[in-house]
file final-v2.txt (compact mmCIF, N, CA and C atoms and all ligand atoms)
# COMPACT_ATOMS: atom_id res chain seq x y z
N MET A 289 79.05 108.76 63.48
CA MET A 289 78.11 108.53 62.38
C MET A 289 76.69 108.84 62.83
N ASN A 290 76.05 109.62 62.08
CA ASN A 290 74.66 109.93 62.41
C ASN A 290 73.78 109.62 61.21
N HIS A 291 73.06 108.50 61.29
CA HIS A 291 72.19 108.10 60.19
C HIS A 291 70.78 108.66 60.32
N ALA A 292 70.55 109.28 61.49
CA ALA A 292 69.21 109.84 61.69
C ALA A 292 69.01 111.02 60.74
N LEU A 293 67.85 111.11 60.17
CA LEU A 293 67.55 112.22 59.26
C LEU A 293 67.31 113.47 60.08
N PRO A 294 67.69 114.59 59.56
CA PRO A 294 67.39 115.84 60.27
C PRO A 294 65.88 115.97 60.45
N PRO A 295 65.49 116.60 61.54
CA PRO A 295 64.04 116.74 61.78
C PRO A 295 63.35 117.43 60.60
N GLY A 296 62.23 116.91 60.19
CA GLY A 296 61.46 117.56 59.13
C GLY A 296 61.74 117.02 57.76
N THR A 297 62.82 116.29 57.60
CA THR A 297 63.19 115.78 56.27
C THR A 297 62.13 114.80 55.74
N GLY A 298 61.62 114.02 56.66
CA GLY A 298 60.65 113.01 56.24
C GLY A 298 59.29 113.58 55.87
N LEU A 299 59.00 114.73 56.31
CA LEU A 299 57.66 115.30 56.17
C LEU A 299 57.23 115.50 54.71
N PRO A 300 58.07 116.15 53.88
CA PRO A 300 57.60 116.34 52.49
C PRO A 300 57.32 115.01 51.79
N ARG A 301 58.16 113.99 52.09
CA ARG A 301 57.94 112.68 51.45
C ARG A 301 56.61 112.09 51.90
N THR A 302 56.36 112.23 53.21
CA THR A 302 55.10 111.71 53.76
C THR A 302 53.91 112.42 53.11
N ARG A 303 54.07 113.73 52.97
CA ARG A 303 52.98 114.50 52.35
C ARG A 303 52.73 114.03 50.93
N GLY A 304 53.84 113.82 50.22
CA GLY A 304 53.73 113.36 48.83
C GLY A 304 53.01 112.02 48.75
N LEU A 305 53.39 111.15 49.69
CA LEU A 305 52.78 109.82 49.73
C LEU A 305 51.29 109.93 50.05
N MET A 306 50.98 110.79 51.04
CA MET A 306 49.58 110.97 51.43
C MET A 306 48.77 111.50 50.25
N LEU A 307 49.39 112.42 49.51
CA LEU A 307 48.71 113.02 48.36
C LEU A 307 48.44 111.93 47.31
N ALA A 308 49.46 111.09 47.08
CA ALA A 308 49.31 110.01 46.09
C ALA A 308 48.22 109.05 46.54
N LEU A 309 48.21 108.75 47.85
CA LEU A 309 47.18 107.84 48.38
C LEU A 309 45.79 108.46 48.24
N ALA A 310 45.71 109.75 48.55
CA ALA A 310 44.43 110.44 48.46
C ALA A 310 43.93 110.44 47.02
N LEU A 311 44.88 110.64 46.11
CA LEU A 311 44.54 110.68 44.69
C LEU A 311 44.03 109.30 44.24
N ALA A 312 44.77 108.26 44.69
CA ALA A 312 44.38 106.89 44.33
C ALA A 312 43.01 106.57 44.89
N LEU A 313 42.77 107.03 46.12
CA LEU A 313 41.49 106.78 46.78
C LEU A 313 40.37 107.49 46.01
N ALA A 314 40.66 108.75 45.62
CA ALA A 314 39.66 109.53 44.88
C ALA A 314 39.32 108.84 43.57
N LEU A 315 40.36 108.33 42.91
CA LEU A 315 40.13 107.63 41.64
C LEU A 315 39.30 106.38 41.86
N ALA A 316 39.66 105.63 42.92
CA ALA A 316 38.94 104.40 43.23
C ALA A 316 37.48 104.71 43.52
N LEU A 317 37.27 105.78 44.31
CA LEU A 317 35.89 106.14 44.67
C LEU A 317 35.11 106.60 43.45
N SER A 318 35.78 107.34 42.56
CA SER A 318 35.05 107.83 41.39
C SER A 318 34.67 106.67 40.48
N SER A 319 35.51 105.65 40.42
CA SER A 319 35.15 104.51 39.56
C SER A 319 34.03 103.68 40.21
N VAL A 320 34.06 103.63 41.55
CA VAL A 320 32.95 102.96 42.26
C VAL A 320 31.67 103.73 42.00
N GLY A 321 31.78 105.05 42.08
CA GLY A 321 30.62 105.91 41.83
C GLY A 321 30.05 105.67 40.45
N ALA A 322 30.93 105.52 39.46
CA ALA A 322 30.47 105.29 38.10
C ALA A 322 29.77 103.94 37.98
N ALA A 323 30.28 102.97 38.74
CA ALA A 323 29.70 101.63 38.66
C ALA A 323 28.32 101.57 39.31
N THR A 324 28.12 102.40 40.34
CA THR A 324 26.85 102.32 41.05
C THR A 324 25.85 103.37 40.56
N ALA A 325 26.30 104.28 39.70
CA ALA A 325 25.37 105.29 39.17
C ALA A 325 24.30 104.58 38.35
N PRO A 326 23.08 105.16 38.32
CA PRO A 326 22.01 104.50 37.58
C PRO A 326 22.38 104.32 36.12
N LYS A 327 22.33 103.09 35.69
CA LYS A 327 22.64 102.79 34.30
C LYS A 327 21.39 102.22 33.67
N ALA A 328 21.27 102.40 32.38
CA ALA A 328 20.11 101.86 31.69
C ALA A 328 20.13 100.33 31.80
N ALA A 329 19.04 99.79 32.29
CA ALA A 329 18.94 98.35 32.45
C ALA A 329 18.02 97.78 31.38
N VAL A 330 18.08 96.49 31.22
CA VAL A 330 17.21 95.80 30.27
C VAL A 330 16.31 94.84 31.06
N HIS A 331 15.03 94.96 30.86
CA HIS A 331 14.06 94.11 31.56
C HIS A 331 13.29 93.29 30.53
N THR A 332 12.92 92.11 30.92
CA THR A 332 12.16 91.26 29.99
C THR A 332 10.81 90.90 30.58
N VAL A 333 9.78 91.09 29.78
CA VAL A 333 8.45 90.60 30.13
C VAL A 333 8.20 89.38 29.25
N VAL A 334 7.96 88.26 29.88
CA VAL A 334 7.68 87.04 29.13
C VAL A 334 6.18 86.92 28.93
N ILE A 335 5.79 86.67 27.70
CA ILE A 335 4.37 86.42 27.41
C ILE A 335 4.23 84.93 27.18
N GLU A 336 3.52 84.30 28.08
CA GLU A 336 3.38 82.85 28.00
C GLU A 336 2.10 82.43 28.70
N GLY A 337 1.39 81.50 28.11
CA GLY A 337 0.14 81.02 28.70
C GLY A 337 -0.88 82.14 28.83
N MET A 338 -0.89 83.03 27.83
CA MET A 338 -1.85 84.14 27.79
C MET A 338 -1.67 85.09 28.98
N GLN A 339 -0.42 85.23 29.43
CA GLN A 339 -0.16 86.14 30.54
C GLN A 339 1.15 86.89 30.33
N PHE A 340 1.15 88.12 30.82
CA PHE A 340 2.39 88.89 30.86
C PHE A 340 3.06 88.61 32.21
N SER A 341 4.34 88.31 32.17
CA SER A 341 5.04 88.04 33.41
C SER A 341 6.39 88.78 33.44
N PRO A 342 6.63 89.67 34.40
CA PRO A 342 5.75 89.97 35.52
C PRO A 342 4.56 90.84 35.09
N ALA A 343 3.48 90.71 35.85
CA ALA A 343 2.27 91.47 35.54
C ALA A 343 2.49 92.96 35.81
N VAL A 344 3.33 93.26 36.77
CA VAL A 344 3.69 94.65 37.04
C VAL A 344 5.21 94.74 37.00
N LEU A 345 5.69 95.58 36.13
CA LEU A 345 7.14 95.76 36.00
C LEU A 345 7.48 97.21 36.27
N GLU A 346 8.45 97.41 37.18
CA GLU A 346 8.89 98.76 37.50
C GLU A 346 10.28 98.98 36.93
N VAL A 347 10.43 100.04 36.16
CA VAL A 347 11.73 100.33 35.54
C VAL A 347 12.06 101.80 35.74
N ASN A 348 13.27 102.16 35.43
CA ASN A 348 13.67 103.56 35.44
C ASN A 348 13.59 104.10 34.03
N ALA A 349 13.27 105.39 33.92
CA ALA A 349 13.25 106.03 32.61
C ALA A 349 14.62 105.82 31.96
N GLY A 350 14.61 105.44 30.72
CA GLY A 350 15.86 105.16 30.01
C GLY A 350 16.14 103.67 29.89
N ASP A 351 15.47 102.88 30.72
CA ASP A 351 15.65 101.43 30.65
C ASP A 351 14.97 100.87 29.40
N THR A 352 15.42 99.70 29.01
CA THR A 352 14.83 99.01 27.88
C THR A 352 13.94 97.88 28.38
N VAL A 353 12.78 97.75 27.79
CA VAL A 353 11.90 96.64 28.14
C VAL A 353 11.71 95.78 26.90
N ILE A 354 11.92 94.49 27.09
CA ILE A 354 11.73 93.54 25.99
C ILE A 354 10.54 92.65 26.31
N TRP A 355 9.60 92.57 25.41
CA TRP A 355 8.50 91.61 25.54
C TRP A 355 8.83 90.42 24.67
N HIS A 356 8.87 89.28 25.29
CA HIS A 356 9.22 88.07 24.55
C HIS A 356 8.03 87.12 24.53
N ASN A 357 7.55 86.84 23.36
CA ASN A 357 6.36 85.99 23.21
C ASN A 357 6.73 84.52 23.09
N LYS A 358 6.42 83.76 24.13
CA LYS A 358 6.72 82.33 24.11
C LYS A 358 5.50 81.49 23.74
N ASP A 359 4.38 82.17 23.49
CA ASP A 359 3.17 81.45 23.11
C ASP A 359 3.20 81.09 21.63
N PRO A 360 2.38 80.11 21.24
CA PRO A 360 2.33 79.72 19.82
C PRO A 360 1.43 80.61 18.98
N TYR A 361 0.97 81.72 19.55
CA TYR A 361 0.15 82.65 18.78
C TYR A 361 0.59 84.07 19.06
N PRO A 362 0.25 85.00 18.17
CA PRO A 362 0.74 86.38 18.35
C PRO A 362 0.06 87.10 19.50
N HIS A 363 0.77 88.06 20.06
CA HIS A 363 0.23 88.94 21.10
C HIS A 363 0.72 90.36 20.82
N THR A 364 0.12 91.30 21.53
CA THR A 364 0.63 92.67 21.48
C THR A 364 0.81 93.18 22.90
N ALA A 365 1.59 94.20 23.05
CA ALA A 365 1.68 94.95 24.31
C ALA A 365 1.32 96.38 23.95
N THR A 366 0.12 96.76 24.35
CA THR A 366 -0.43 98.02 23.86
C THR A 366 -1.10 98.81 24.98
N THR A 367 -0.74 100.08 25.09
CA THR A 367 -1.51 100.96 25.98
C THR A 367 -2.69 101.42 25.15
N ASP A 368 -3.79 100.77 25.35
CA ASP A 368 -4.91 100.88 24.43
C ASP A 368 -5.50 102.29 24.35
N SER A 369 -5.75 102.91 25.51
CA SER A 369 -6.44 104.20 25.49
C SER A 369 -5.48 105.35 25.21
N THR A 370 -4.27 105.27 25.75
CA THR A 370 -3.37 106.42 25.64
C THR A 370 -2.43 106.35 24.44
N ARG A 371 -2.22 105.16 23.92
CA ARG A 371 -1.29 104.99 22.80
C ARG A 371 0.12 105.44 23.15
N ASP A 372 0.50 105.27 24.40
CA ASP A 372 1.87 105.59 24.76
C ASP A 372 2.84 104.62 24.09
N PHE A 373 2.42 103.38 24.02
CA PHE A 373 3.22 102.44 23.23
C PHE A 373 2.32 101.34 22.68
N ASP A 374 2.78 100.79 21.57
CA ASP A 374 2.04 99.72 20.92
C ASP A 374 3.05 98.85 20.16
N SER A 375 3.14 97.62 20.58
CA SER A 375 4.14 96.73 19.97
C SER A 375 3.72 96.29 18.57
N GLY A 376 2.42 96.37 18.29
CA GLY A 376 1.93 95.67 17.10
C GLY A 376 2.00 94.19 17.40
N GLU A 377 1.74 93.37 16.40
CA GLU A 377 1.76 91.91 16.61
C GLU A 377 3.17 91.41 16.89
N ILE A 378 3.32 90.77 18.04
CA ILE A 378 4.58 90.08 18.32
C ILE A 378 4.35 88.62 17.98
N LYS A 379 4.98 88.17 16.95
CA LYS A 379 4.75 86.80 16.47
C LYS A 379 5.30 85.77 17.44
N PRO A 380 4.80 84.54 17.35
CA PRO A 380 5.29 83.48 18.23
C PRO A 380 6.81 83.37 18.19
N GLY A 381 7.40 83.32 19.37
CA GLY A 381 8.85 83.17 19.45
C GLY A 381 9.63 84.45 19.22
N ARG A 382 8.91 85.54 18.95
CA ARG A 382 9.59 86.81 18.65
C ARG A 382 9.50 87.76 19.83
N SER A 383 10.28 88.84 19.73
CA SER A 383 10.31 89.84 20.79
C SER A 383 10.07 91.23 20.22
N TRP A 384 9.71 92.10 21.11
CA TRP A 384 9.60 93.52 20.76
C TRP A 384 10.21 94.29 21.90
N LYS A 385 11.03 95.29 21.57
CA LYS A 385 11.64 96.06 22.66
C LYS A 385 11.38 97.54 22.51
N MET A 386 11.42 98.18 23.65
CA MET A 386 11.10 99.59 23.71
C MET A 386 11.95 100.23 24.80
N THR A 387 12.40 101.45 24.55
CA THR A 387 13.07 102.20 25.61
C THR A 387 12.02 103.01 26.33
N ALA A 388 11.94 102.80 27.64
CA ALA A 388 10.94 103.51 28.45
C ALA A 388 11.45 104.91 28.73
N LYS A 389 10.90 105.88 28.05
CA LYS A 389 11.41 107.25 28.18
C LYS A 389 10.58 108.08 29.13
N LYS A 390 9.28 107.96 29.01
CA LYS A 390 8.37 108.84 29.75
C LYS A 390 7.98 108.21 31.08
N PRO A 391 8.24 108.89 32.20
CA PRO A 391 7.79 108.34 33.48
C PRO A 391 6.27 108.28 33.54
N GLY A 392 5.77 107.27 34.22
CA GLY A 392 4.33 107.15 34.37
C GLY A 392 3.95 105.73 34.74
N ASP A 393 2.67 105.54 34.89
CA ASP A 393 2.13 104.23 35.25
C ASP A 393 1.24 103.80 34.08
N PHE A 394 1.74 102.88 33.30
CA PHE A 394 1.08 102.52 32.05
C PHE A 394 0.41 101.14 32.14
N SER A 395 -0.90 101.14 32.07
CA SER A 395 -1.62 99.88 31.97
C SER A 395 -1.66 99.51 30.49
N TYR A 396 -1.35 98.27 30.21
CA TYR A 396 -1.40 97.85 28.82
C TYR A 396 -2.08 96.49 28.71
N LEU A 397 -2.41 96.15 27.49
CA LEU A 397 -3.06 94.87 27.26
C LEU A 397 -2.64 94.31 25.91
N CYS A 398 -3.12 93.11 25.66
CA CYS A 398 -2.95 92.53 24.33
C CYS A 398 -4.23 92.81 23.57
N THR A 399 -4.13 93.51 22.46
CA THR A 399 -5.34 93.89 21.72
C THR A 399 -6.00 92.68 21.05
N LEU A 400 -5.26 91.58 20.95
CA LEU A 400 -5.82 90.36 20.34
C LEU A 400 -6.53 89.50 21.38
N HIS A 401 -6.14 89.66 22.63
CA HIS A 401 -6.75 88.92 23.75
C HIS A 401 -6.90 89.92 24.88
N ARG A 402 -8.02 90.62 24.88
CA ARG A 402 -8.13 91.81 25.71
C ARG A 402 -8.23 91.52 27.21
N THR A 403 -8.26 90.24 27.57
CA THR A 403 -8.24 89.93 29.00
C THR A 403 -6.80 89.87 29.52
N MET A 404 -5.85 89.94 28.62
CA MET A 404 -4.44 89.93 29.04
C MET A 404 -4.04 91.36 29.40
N ASN A 405 -3.85 91.59 30.70
CA ASN A 405 -3.53 92.92 31.19
C ASN A 405 -2.23 92.90 31.98
N ALA A 406 -1.55 94.03 31.94
CA ALA A 406 -0.35 94.18 32.77
C ALA A 406 -0.06 95.67 32.94
N ARG A 407 0.95 95.96 33.71
CA ARG A 407 1.30 97.35 33.98
C ARG A 407 2.81 97.55 33.87
N LEU A 408 3.16 98.67 33.29
CA LEU A 408 4.56 99.09 33.25
C LEU A 408 4.66 100.40 34.00
N VAL A 409 5.47 100.40 35.06
CA VAL A 409 5.67 101.62 35.84
C VAL A 409 7.06 102.15 35.53
N VAL A 410 7.10 103.37 34.99
CA VAL A 410 8.38 104.00 34.65
C VAL A 410 8.65 105.12 35.64
N LYS A 411 9.75 105.03 36.37
CA LYS A 411 10.07 106.03 37.40
C LYS A 411 11.06 107.06 36.88
CU CU A 501 -2.58 88.13 23.00

call {"tool": "encode", "arguments": {"input": "final-v2.txt", "output": "structure tokens"}}
result
Amino acid sequence: MNHALPPGTGLPRTRGLMLALALALALALSSVGAATAPKAAVHTVVIEGMQFSPAVLEVNAGDTVIWHNKDPYPHTATTDSTRDFDSGEIKPGRSWKMTAKKPGDFSYLCTLHRTMNARLVVK
């Protein structure tokens, strides 16, 4: 009785298995790649106590920025000189959101309280 396989018989099966493993690995890696690829994020700037927080926010182009007004009076988030964006009046307890499309370094303020300054950096 000879139960040993003839030489070479195991090789095609091993190759098939290796191929399946390689394929599975490639699939796993591609899904990891998709998960770590830059995705549009959502950032929040809180307006409270007559201040924008954070005062400097860095985002990627395509990200969404939400300004949330927690003060009991209205505010705006406005790039005053360039007019790149202007929230208009954000009423107490309300929010305004914008998709940051254009890369740049945008200084903005509240047109109702012009000492309130902040910066949005879009990369
Ligand atoms: Cu204000």

call {"tool": "residues_near_ligand", "arguments": {"input": "final-v2.txt", "ligand": "ligand CU 501 (chain A)", "cutoff": "7 Å", "atoms": "only N, CA and C atoms and all ligand atoms", "output": "list in words"}}
result
Met338, Tyr361, Pro362, His363, Thr364, Leu397, Cys398, Thr399, Leu400, His401, Arg402 and Met404 of chain A

call {"tool": "closest_residue", "arguments": {"input": "final-v2.txt", "among": "A:Phe394, A:Ala388, A:Glu346, A:Trp355", "to": "Gly376 (chain A)", "atoms": "only C-alpha atoms"}}
result
A:Trp355

call {"tool": "closest_residue", "arguments": {"input": "final-v2.txt", "among": "A:Arg382, A:Thr387, A:Thr332, A:Asp374", "to": "Ala349 (chain A)", "atoms": "only C-alpha atoms"}}
result
A:Thr387

call {"tool": "residues_around", "arguments": {"input": "final-v2.txt", "residues": "Ala406 (chain A)", "least_positions_apart": "2", "cutoff": "6.5 Å", "atoms": "all atoms listed in the file", "output": "list in words"}}
result
Phe340, Pro342, Ala343, Val344, Phe394, Ser395, Tyr396, Leu397, Met404 and Leu408 of chain A

call {"tool": "write_last_selection", "arguments": {"input": "final-v2.txt", "atoms": "N, CA and C atoms", "output": "PDB file, keeping the file's coordinate frame"}}
result
ATOM      1  N   PHE A 340       1.150  88.120  30.820  1.00  0.00           N
ATOM      2  CA  PHE A 340       2.390  88.890  30.860  1.00  0.00           C
ATOM      3  C   PHE A 340       3.060  88.610  32.210  1.00  0.00           C
ATOM      4  N   PRO A 342       6.630  89.670  34.400  1.00  0.00           N
ATOM      5  CA  PRO A 342       5.750  89.970  35.520  1.00  0.00           C
ATOM      6  C   PRO A 342       4.560  90.840  35.090  1.00  0.00           C
ATOM      7  N   ALA A 343       3.480  90.710  35.850  1.00  0.00           N
ATOM      8  CA  ALA A 343       2.270  91.470  35.540  1.00  0.00           C
ATOM      9  C   ALA A 343       2.490  92.960  35.810  1.00  0.00           C
ATOM     10  N   VAL A 344       3.330  93.260  36.770  1.00  0.00           N
ATOM     11  CA  VAL A 344       3.690  94.650  37.040  1.00  0.00           C
ATOM     12  C   VAL A 344       5.210  94.740  37.000  1.00  0.00           C
ATOM     13  N   PHE A 394       1.740 102.880  33.300  1.00  0.00           N
ATOM     14  CA  PHE A 394       1.080 102.520  32.050  1.00  0.00           C
ATOM     15  C   PHE A 394       0.410 101.140  32.140  1.00  0.00           C
ATOM     16  N   SER A 395      -0.900 101.140  32.070  1.00  0.00           N
ATOM     17  CA  SER A 395      -1.620  99.880  31.970  1.00  0.00           C
ATOM     18  C   SER A 395      -1.660  99.510  30.490  1.00  0.00           C
ATOM     19  N   TYR A 396      -1.350  98.270  30.210  1.00  0.00           N
ATOM     20  CA  TYR A 396      -1.400  97.850  28.820  1.00  0.00           C
ATOM     21  C   TYR A 396      -2.080  96.490  28.710  1.00  0.00           C
ATOM     22  N   LEU A 397      -2.410  96.150  27.490  1.00  0.00           N
ATOM     23  CA  LEU A 397      -3.060  94.870  27.260  1.00  0.00           C
ATOM     24  C   LEU A 397      -2.640  94.310  25.910  1.00  0.00           C
ATOM     25  N   MET A 404      -5.850  89.940  28.620  1.00  0.00           N
ATOM     26  CA  MET A 404      -4.440  89.930  29.040  1.00  0.00           C
ATOM     27  C   MET A 404      -4.040  91.360  29.400  1.00  0.00           C
ATOM     28  N   LEU A 408       3.160  98.670  33.290  1.00  0.00           N
ATOM     29  CA  LEU A 408       4.560  99.090  33.250  1.00  0.00           C
ATOM     30  C   LEU A 408       4.660 100.400  34.000  1.00  0.00           C
TER      31      LEU A 408
END

call {"tool": "residues_around", "arguments": {"input": "final-v2.txt", "residues": "Ala328 (chain A)", "least_positions_apart": "2", "cutoff": "9 Å", "atoms": "only C-alpha atoms", "output": "short mmCIF file (atom, residue, chain, number, x, y, z; two decimals) with N, CA and C atoms, in the coordinates of the input"}}
result
data_model
loop_
_atom_site.label_atom_id
_atom_site.label_comp_id
_atom_site.auth_asym_id
_atom_site.auth_seq_id
_atom_site.Cartn_x
_atom_site.Cartn_y
_atom_site.Cartn_z
N PRO A 326 23.08 105.16 38.32
CA PRO A 326 22.01 104.50 37.58
C PRO A 326 22.38 104.32 36.12
N VAL A 330 18.08 96.49 31.22
CA VAL A 330 17.21 95.80 30.27
C VAL A 330 16.31 94.84 31.06
N ASN A 348 13.27 102.16 35.43
CA ASN A 348 13.67 103.56 35.44
C ASN A 348 13.59 104.10 34.03
N ALA A 349 13.27 105.39 33.92
CA ALA A 349 13.25 106.03 32.61
C ALA A 349 14.62 105.82 31.96
N GLY A 350 14.61 105.44 30.72
CA GLY A 350 15.86 105.16 30.01
C GLY A 350 16.14 103.67 29.89
N ASP A 351 15.47 102.88 30.72
CA ASP A 351 15.65 101.43 30.65
C ASP A 351 14.97 100.87 29.40
N THR A 352 15.42 99.70 29.01
CA THR A 352 14.83 99.01 27.88
C THR A 352 13.94 97.88 28.38
#

call {"tool": "atom_distance", "arguments": {"input": "final-v2.txt", "atom1": "CA of Asp393 (chain A)", "atom2": "atom N of Gly381 (chain A)"}}
result
26.8 Å

call {"tool": "select_by_dssp", "arguments": {"input": "final-v2.txt", "residues": "region 320-399 of chain A", "states": "strand (DSSP E)", "output": "tab-separated table (two decimals) with N, CA and C atoms, in the coordinates of the input"}}
result
chain	number	residue	atom	x	y	z
A	330	VAL	N	18.08	96.49	31.22
A	330	VAL	CA	17.21	95.80	30.27
A	330	VAL	C	16.31	94.84	31.06
A	331	HIS	N	15.03	94.96	30.86
A	331	HIS	CA	14.06	94.11	31.56
A	331	HIS	C	13.29	93.29	30.53
A	332	THR	N	12.92	92.11	30.92
A	332	THR	CA	12.16	91.26	29.99
A	332	THR	C	10.81	90.90	30.58
A	333	VAL	N	9.78	91.09	29.78
A	333	VAL	CA	8.45	90.60	30.13
A	333	VAL	C	8.20	89.38	29.25
A	334	VAL	N	7.96	88.26	29.88
A	334	VAL	CA	7.68	87.04	29.13
A	334	VAL	C	6.18	86.92	28.93
A	335	ILE	N	5.79	86.67	27.70
A	335	ILE	CA	4.37	86.42	27.41
A	335	ILE	C	4.23	84.93	27.18
A	336	GLU	N	3.52	84.30	28.08
A	336	GLU	CA	3.38	82.85	28.00
A	336	GLU	C	2.10	82.43	28.70
A	339	GLN	N	-0.42	85.23	29.43
A	339	GLN	CA	-0.16	86.14	30.54
A	339	GLN	C	1.15	86.89	30.33
A	340	PHE	N	1.15	88.12	30.82
A	340	PHE	CA	2.39	88.89	30.86
A	340	PHE	C	3.06	88.61	32.21
A	341	SER	N	4.34	88.31	32.17
A	341	SER	CA	5.04	88.04	33.41
A	341	SER	C	6.39	88.78	33.44
A	344	VAL	N	3.33	93.26	36.77
A	344	VAL	CA	3.69	94.65	37.04
A	344	VAL	C	5.21	94.74	37.00
A	345	LEU	N	5.69	95.58	36.13
A	345	LEU	CA	7.14	95.76	36.00
A	345	LEU	C	7.48	97.21	36.27
A	346	GLU	N	8.45	97.41	37.18
A	346	GLU	CA	8.89	98.76	37.50
A	346	GLU	C	10.28	98.98	36.93
A	347	VAL	N	10.43	100.04	36.16
A	347	VAL	CA	11.73	100.33	35.54
A	347	VAL	C	12.06	101.80	35.74
A	352	THR	N	15.42	99.70	29.01
A	352	THR	CA	14.83	99.01	27.88
A	352	THR	C	13.94	97.88	28.38
A	353	VAL	N	12.78	97.75	27.79
A	353	VAL	CA	11.90	96.64	28.14
A	353	VAL	C	11.71	95.78	26.90
A	354	ILE	N	11.92	94.49	27.09
A	354	ILE	CA	11.73	93.54	25.99
A	354	ILE	C	10.54	92.65	26.31
A	355	TRP	N	9.60	92.57	25.41
A	355	TRP	CA	8.50	91.61	25.54
A	355	TRP	C	8.83	90.42	24.67
A	356	HIS	N	8.87	89.28	25.29
A	356	HIS	CA	9.22	88.07	24.55
A	356	HIS	C	8.03	87.12	24.53
A	357	ASN	N	7.55	86.84	23.36
A	357	ASN	CA	6.36	85.99	23.21
A	357	ASN	C	6.73	84.52	23.09
A	383	SER	N	10.28	88.84	19.73
A	383	SER	CA	10.31	89.84	20.79
A	383	SER	C	10.07	91.23	20.22
A	384	TRP	N	9.71	92.10	21.11
A	384	TRP	CA	9.60	93.52	20.76
A	384	TRP	C	10.21	94.29	21.90
A	385	LYS	N	11.03	95.29	21.57
A	385	LYS	CA	11.64	96.06	22.66
A	385	LYS	C	11.38	97.54	22.51
A	386	MET	N	11.42	98.18	23.65
A	386	MET	CA	11.10	99.59	23.71
A	386	MET	C	11.95	100.23	24.80
A	387	THR	N	12.40	101.45	24.55
A	387	THR	CA	13.07	102.20	25.61
A	387	THR	C	12.02	103.01	26.33
A	392	GLY	N	5.77	107.27	34.22
A	392	GLY	CA	4.33	107.15	34.37
A	392	GLY	C	3.95	105.73	34.74
A	393	ASP	N	2.67	105.54	34.89
A	393	ASP	CA	2.13	104.23	35.25
A	393	ASP	C	1.24	103.80	34.08
A	394	PHE	N	1.74	102.88	33.30
A	394	PHE	CA	1.08	102.52	32.05
A	394	PHE	C	0.41	101.14	32.14
A	395	SER	N	-0.90	101.14	32.07
A	395	SER	CA	-1.62	99.88	31.97
A	395	SER	C	-1.66	99.51	30.49
A	396	TYR	N	-1.35	98.27	30.21
A	396	TYR	CA	-1.40	97.85	28.82
A	396	TYR	C	-2.08	96.49	28.71
A	397	LEU	N	-2.41	96.15	27.49
A	397	LEU	CA	-3.06	94.87	27.26
A	397	LEU	C	-2.64	94.31	25.91
A	398	CYS	N	-3.12	93.11	25.66
A	398	CYS	CA	-2.95	92.53	24.33
A	398	CYS	C	-4.23	92.81	23.57

call {"tool": "closest_residue", "arguments": {"input": "final-v2.txt", "among": "A:Glu377, A:Ser341, A:Asp372, A:Val334", "to": "Asp359 (chain A)", "atoms": "all atoms listed in the file"}}
result
A:Val334

call {"tool": "atom_distance", "arguments": {"input": "final-v2.txt", "atom1": "atom N of Val347 (chain A)", "atom2": "CA of Val410 (chain A)"}}
result
4.7 Å

call {"tool": "atom_distance", "arguments": {"input": "final-v2.txt", "atom1": "CA of Thr403 (chain A)", "atom2": "atom N of Thr370 (chain A)"}}
result
16.2 Å
